[in-house]
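The block underneath contains the structure these notes are about, expressed in structure tokens.
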Amino acid sequence: MTSFFQLTSPAVARRAFLRQGMILSGAAVALLAGREALAAKAGGGSTAADVRILNTALGAELEAVAAYQVGAESGLLEKPVLALAAQFQGHHKEHADVLAATIRKLGGKAVAAKTRYDFPVESLKNQADVLRFAAGLEKGAVSAYLGAVPLFASRELSKAAASILGDEAMHWAILRNALGENPVPSAFVA
Amino acid sequence: MLEGALLLAALAAGDPKAGEAVYSRCLACHSLERHRTGPRHCGLFGRRAGSAPGFEEYSAAMKRSRLVWNERTLERFLANPMKTVPGTTMTYAGVPEAKARADLIAYLKQEGKCPGS
């Protein structure tokens with residue numbers, strides 16, 4: 001069986017992802033977790049660094065899941081926006097689950113979600129505030145993955161991080177669009 | 001010595017307004033006022049690395065780095081966090097552009113005080 005991160009082209013990967021209905025399945029995690037080659041390629045002293053990078057990403061993903069939960073429970077989102085937030089939260093859950101499975105596969109210990117997150121809930125007064133808050137997190141996530149991609153010892157992990165980066169960038173663009181801002185403000189992200 | 005003088009001049013020319021835009025790169029993990037995946041940034045200047053009150057998730061590497069945050073240490077760290085503090089959990093390639101680093105540092109300095117401090 002082939003892992004999502006082992007697929008040969010983005011188009012093939014996308015089709016595989018769509019086949020899963022954009023919903024995390026136990027099979028998706030098992031696919032990545034079953035990659036014996038991944039651990040072997042990371043190998044040596046670099047594995048610890050890769051695990052550290054993955055754990056930092058996992059921590060941010062878990063926080064994003066919690067942030068979208070705050071938005072969803074705020075009562076400030078109209079129905080279509082709420083559905084979108086739930087979808088994006090689902091993506092972050094998928095990222096978190098795959099990252100955690102990969103960390104374990106590499107012999108590391110995956111960080112857990114915090115028992116409490118400190119979000120600026122007092123400043124969320126309307127739907128636009130929630131969207132702007134989420135857009136800031138997504139923009140930050142794009143930058144964080146961009147800053148992580150070149151650091152991995154394993155090119156498979158760089159590819160996986162780039163795949164997640166693309167998803168975060170789409171979230172950011174959609175949220176900007178919902179705010180009436182230019183969804184794609186520049187040719188490059190930083 | 002010339003290099004140091006040039007660095008100081010570059011840092012002095014940092015634009016906090018431009019630095020605010022650079023700071024958006026940090027928002028996946030940080031905020032000025034709240035601890036998140038990474039520690040909050042208010043009160044950063046003059047603080048010993050790994051010592052923000054209430055933040056428990058520091059790496060051992062950061063806690064033993066002996067860095068004290070100022071323009072020079074931030075300049076070095078932001079250029080390449082994992083090289084400056086090997087073992088840091090700030091697993092980020094850094095801000096490669098010197099001007100962007102100077103702007104970011106100017107912004108962090110301007111916004112540096114914690115609410116109520």
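Each chain in the structure tokens gets a letter, A, B, ..., in the order shown, and its residues are numbered from 1; ligands are numbered from 1 in order too.
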
Exercise: B:Pro115 partners within 10 Å, only C-alpha atoms, chain neighbours under 4 positions left out, as an NGL selection string: :B and (32-33 or 42-43)

Those same residues, written as an mmCIF file, in the first residue's frame with N, CA and C atoms?
```
data_model
loop_
_atom_site.group_PDB
_atom_site.id
_atom_site.type_symbol
_atom_site.label_atom_id
_atom_site.label_comp_id
_atom_site.auth_asym_id
_atom_site.auth_seq_id
_atom_site.Cartn_x
_atom_site.Cartn_y
_atom_site.Cartn_z
ATOM 1 N N LEU B 32 2.456 38.549 20.847
ATOM 2 C CA LEU B 32 3.132 39.480 21.743
ATOM 3 C C LEU B 32 2.713 39.252 23.190
ATOM 4 N N GLU B 33 1.406 39.031 23.380
ATOM 5 C CA GLU B 33 0.882 39.083 24.739
ATOM 6 C C GLU B 33 0.633 37.728 25.383
ATOM 7 N N CYS B 42 6.248 39.904 24.519
ATOM 8 C CA CYS B 42 6.345 41.135 25.302
ATOM 9 C C CYS B 42 7.368 40.906 26.421
ATOM 10 N N GLY B 43 8.054 41.956 26.771
ATOM 11 C CA GLY B 43 9.065 41.838 27.818
ATOM 12 C C GLY B 43 10.315 41.091 27.400
#
```

Which residues of chain B have any atom within 8 Å of an atom in chain A when counting only C-alpha atoms, and what is the closest pair of atoms for each, with the distance in Å to one decimal? Order the rows by chain and rising number and write it as a Markdown table.
```
| residue | atom | partner | partner_atom | distance |
| --- | --- | --- | --- | --- |
| B:Ser24 | CA | A:Gly140 | CA | 5.9 |
| B:Arg25 | CA | A:Gly140 | CA | 4.9 |
| B:Cys26 | CA | A:Gly140 | CA | 5.7 |
| B:Leu27 | CA | A:Gly140 | CA | 4.4 |
| B:Ala28 | CA | A:Gly140 | CA | 4.0 |
| B:Cys29 | CA | A:Ala60 | CA | 6.1 |
| B:Arg34 | CA | A:Asp118 | CA | 6.5 |
| B:His35 | CA | A:Asp118 | CA | 7.1 |
| B:Arg36 | CA | A:Asp118 | CA | 7.1 |
| B:Thr37 | CA | A:Ala60 | CA | 5.9 |
| B:Gly87 | CA | A:Ala49 | CA | 7.5 |
| B:Thr89 | CA | A:Arg52 | CA | 6.2 |
| B:Met90 | CA | A:Thr56 | CA | 7.2 |
| B:Thr91 | CA | A:Ile53 | CA | 5.2 |
| B:Tyr92 | CA | A:Gly147 | CA | 4.7 |
| B:Ala93 | CA | A:Gly147 | CA | 4.6 |
| B:Gly94 | CA | A:Gly147 | CA | 6.6 |
```

Writer output for current selection, C-alpha atoms, as a PDB file, in the first residue's frame:
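Below is the file that was written, again-v9.pdb:
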```pdb
ATOM      1  CA  SER B  24       3.154  37.847  10.717  1.00  0.00           C
ATOM      2  CA  ARG B  25       5.597  35.035   9.900  1.00  0.00           C
ATOM      3  CA  CYS B  26       5.811  34.283  13.615  1.00  0.00           C
ATOM      4  CA  LEU B  27       2.086  34.056  14.274  1.00  0.00           C
ATOM      5  CA  ALA B  28       1.749  30.287  13.920  1.00  0.00           C
ATOM      6  CA  CYS B  29       3.566  29.902  17.224  1.00  0.00           C
ATOM      7  CA  ARG B  34       0.161  35.357  25.116  1.00  0.00           C
ATOM      8  CA  HIS B  35       2.128  32.167  25.442  1.00  0.00           C
ATOM      9  CA  ARG B  36       1.331  29.815  22.600  1.00  0.00           C
ATOM     10  CA  THR B  37       3.373  27.012  21.038  1.00  0.00           C
ATOM     11  CA  GLY B  87      18.345  21.732  19.997  1.00  0.00           C
ATOM     12  CA  THR B  89      12.268  23.722  19.435  1.00  0.00           C
ATOM     13  CA  MET B  90      12.010  26.850  17.305  1.00  0.00           C
ATOM     14  CA  THR B  91      12.529  24.706  14.250  1.00  0.00           C
ATOM     15  CA  TYR B  92      12.469  27.475  11.721  1.00  0.00           C
ATOM     16  CA  ALA B  93      14.997  28.304   9.026  1.00  0.00           C
ATOM     17  CA  GLY B  94      15.098  31.918  10.152  1.00  0.00           C
TER      18      GLY B  94
END
```

Atom CA of B:Glu111 and atom CA of B:Ala49, how far apart in Å?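 One can read the atom CA of B:Ala49 to atom CA of B:Glu111 distance as 17.9 Å.
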
Stretch 32-150 of chain A: which residues are helix (DSSP H, G or I) by DSSP, as a PyMOL selection string? chain A and resi 32-33+36-42+46-72+79-105+121-123+127-150

Name all residues at most 12 Å from B:Arg72 (count only C-alpha atoms; drop same-chain ones fewer than 4 positions away) and give them as a list in words.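 What passes the distance filter is Gly4, Ala5, Leu6, Leu7, Leu8, Ala9, Ala10, Leu11, Ala12, Phe45, Gly46, Leu67, Val68, Arg76, Phe77, Leu78, Ala79, Arg101, Ala102, Ile105 and Ala106 of chain B.
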
Would you list the contacts of A:Ala100 as a list in words, taking every protein, DNA or RNA residue within 9 Å and counting only C-alpha atoms, but skipping same-chain residues closer than 2 positions in sequence? Val29, Leu54, Asn55, Leu58, His95, Ala96, Asp97, Val98, Thr102, Ile103, Arg104, Lys105, Lys109, Ala110 and Val111 of chain A

For the residues selected in the previous step, produce a file with C-alpha atoms as a PDB file, in the first residue's frame.
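Once everything was written out, this is part_19.pdb:
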```
ATOM      1  CA  VAL A  29      -2.475   7.385   9.506  1.00  0.00           C
ATOM      2  CA  LEU A  54       7.606  17.603  13.451  1.00  0.00           C
ATOM      3  CA  ASN A  55       6.737  18.108  17.109  1.00  0.00           C
ATOM      4  CA  LEU A  58       2.279  19.231  15.723  1.00  0.00           C
ATOM      5  CA  HIS A  95      -2.274  17.207   9.795  1.00  0.00           C
ATOM      6  CA  ALA A  96      -1.920  16.649  13.537  1.00  0.00           C
ATOM      7  CA  ASP A  97      -2.772  12.964  13.319  1.00  0.00           C
ATOM      8  CA  VAL A  98      -0.350  12.326  10.472  1.00  0.00           C
ATOM      9  CA  THR A 102       5.152  10.040  11.834  1.00  0.00           C
ATOM     10  CA  ILE A 103       6.836  11.161  15.041  1.00  0.00           C
ATOM     11  CA  ARG A 104       6.002   7.845  16.664  1.00  0.00           C
ATOM     12  CA  LYS A 105       7.203   5.980  13.604  1.00  0.00           C
ATOM     13  CA  LYS A 109       7.202  11.035  21.490  1.00  0.00           C
ATOM     14  CA  ALA A 110       4.450  13.187  20.035  1.00  0.00           C
ATOM     15  CA  VAL A 111       3.512  16.273  22.022  1.00  0.00           C
TER      16      VAL A 111
END
```

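Note that atom CA of A:Val184 and atom CA of A:Trp172 are 8.8 Å apart.
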
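The residue that comes closest to A:Ala85, out of A:His171, A:Asn182, A:Asn177, A:Ala113 and on the basis of only C-alpha atoms, is A:His171.
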
List the spatial neighbours of B:Ala52 as a ChimeraX atom specification - criterion: any atom at most 10 Å away, only C-alpha atoms, same-chain residues fewer than 2 positions off excluded. /B:35,39-44,47-50,54-56,58

Can those selected residues be exported to a file as a short mmCIF file (atom, residue, chain, number, x, y, z; two decimals), in the first residue's frame so that it contains N, CA and C atoms?
```cif
data_model
loop_
_atom_site.label_atom_id
_atom_site.label_comp_id
_atom_site.auth_asym_id
_atom_site.auth_seq_id
_atom_site.Cartn_x
_atom_site.Cartn_y
_atom_site.Cartn_z
N HIS B 35 1.34 33.36 25.72
CA HIS B 35 2.13 32.17 25.44
C HIS B 35 1.34 31.27 24.51
N PRO B 39 6.83 31.03 23.41
CA PRO B 39 6.54 32.02 24.46
C PRO B 39 6.12 33.37 23.88
N ARG B 40 5.45 34.14 24.71
CA ARG B 40 5.05 35.49 24.29
C ARG B 40 6.29 36.37 24.13
N HIS B 41 6.13 37.44 23.37
CA HIS B 41 7.28 38.28 23.05
C HIS B 41 7.32 39.60 23.81
N CYS B 42 6.25 39.90 24.52
CA CYS B 42 6.34 41.14 25.30
C CYS B 42 7.37 40.91 26.42
N GLY B 43 8.05 41.96 26.77
CA GLY B 43 9.06 41.84 27.82
C GLY B 43 10.31 41.09 27.40
N LEU B 44 10.49 40.97 26.09
CA LEU B 44 11.59 40.15 25.58
C LEU B 44 12.96 40.77 25.84
N ARG B 47 15.52 40.03 28.73
CA ARG B 47 15.14 38.77 29.38
C ARG B 47 16.14 37.68 29.01
N ARG B 48 16.44 36.84 29.96
CA ARG B 48 17.31 35.70 29.67
C ARG B 48 16.51 34.68 28.87
N ALA B 49 17.12 34.12 27.84
CA ALA B 49 16.44 33.13 27.00
C ALA B 49 15.96 31.97 27.86
N GLY B 50 14.76 31.51 27.57
CA GLY B 50 14.22 30.36 28.30
C GLY B 50 13.66 30.71 29.66
N GLY B 54 5.80 31.65 33.24
CA GLY B 54 4.56 30.97 32.87
C GLY B 54 4.67 30.11 31.63
N PHE B 55 5.81 30.16 30.93
CA PHE B 55 5.96 29.30 29.75
C PHE B 55 6.79 28.08 30.14
N GLU B 56 6.19 26.91 29.97
CA GLU B 56 6.80 25.68 30.50
C GLU B 56 7.48 24.83 29.42
N TYR B 58 9.90 25.30 27.17
CA TYR B 58 11.22 25.57 26.62
C TYR B 58 12.03 24.28 26.44
#
```
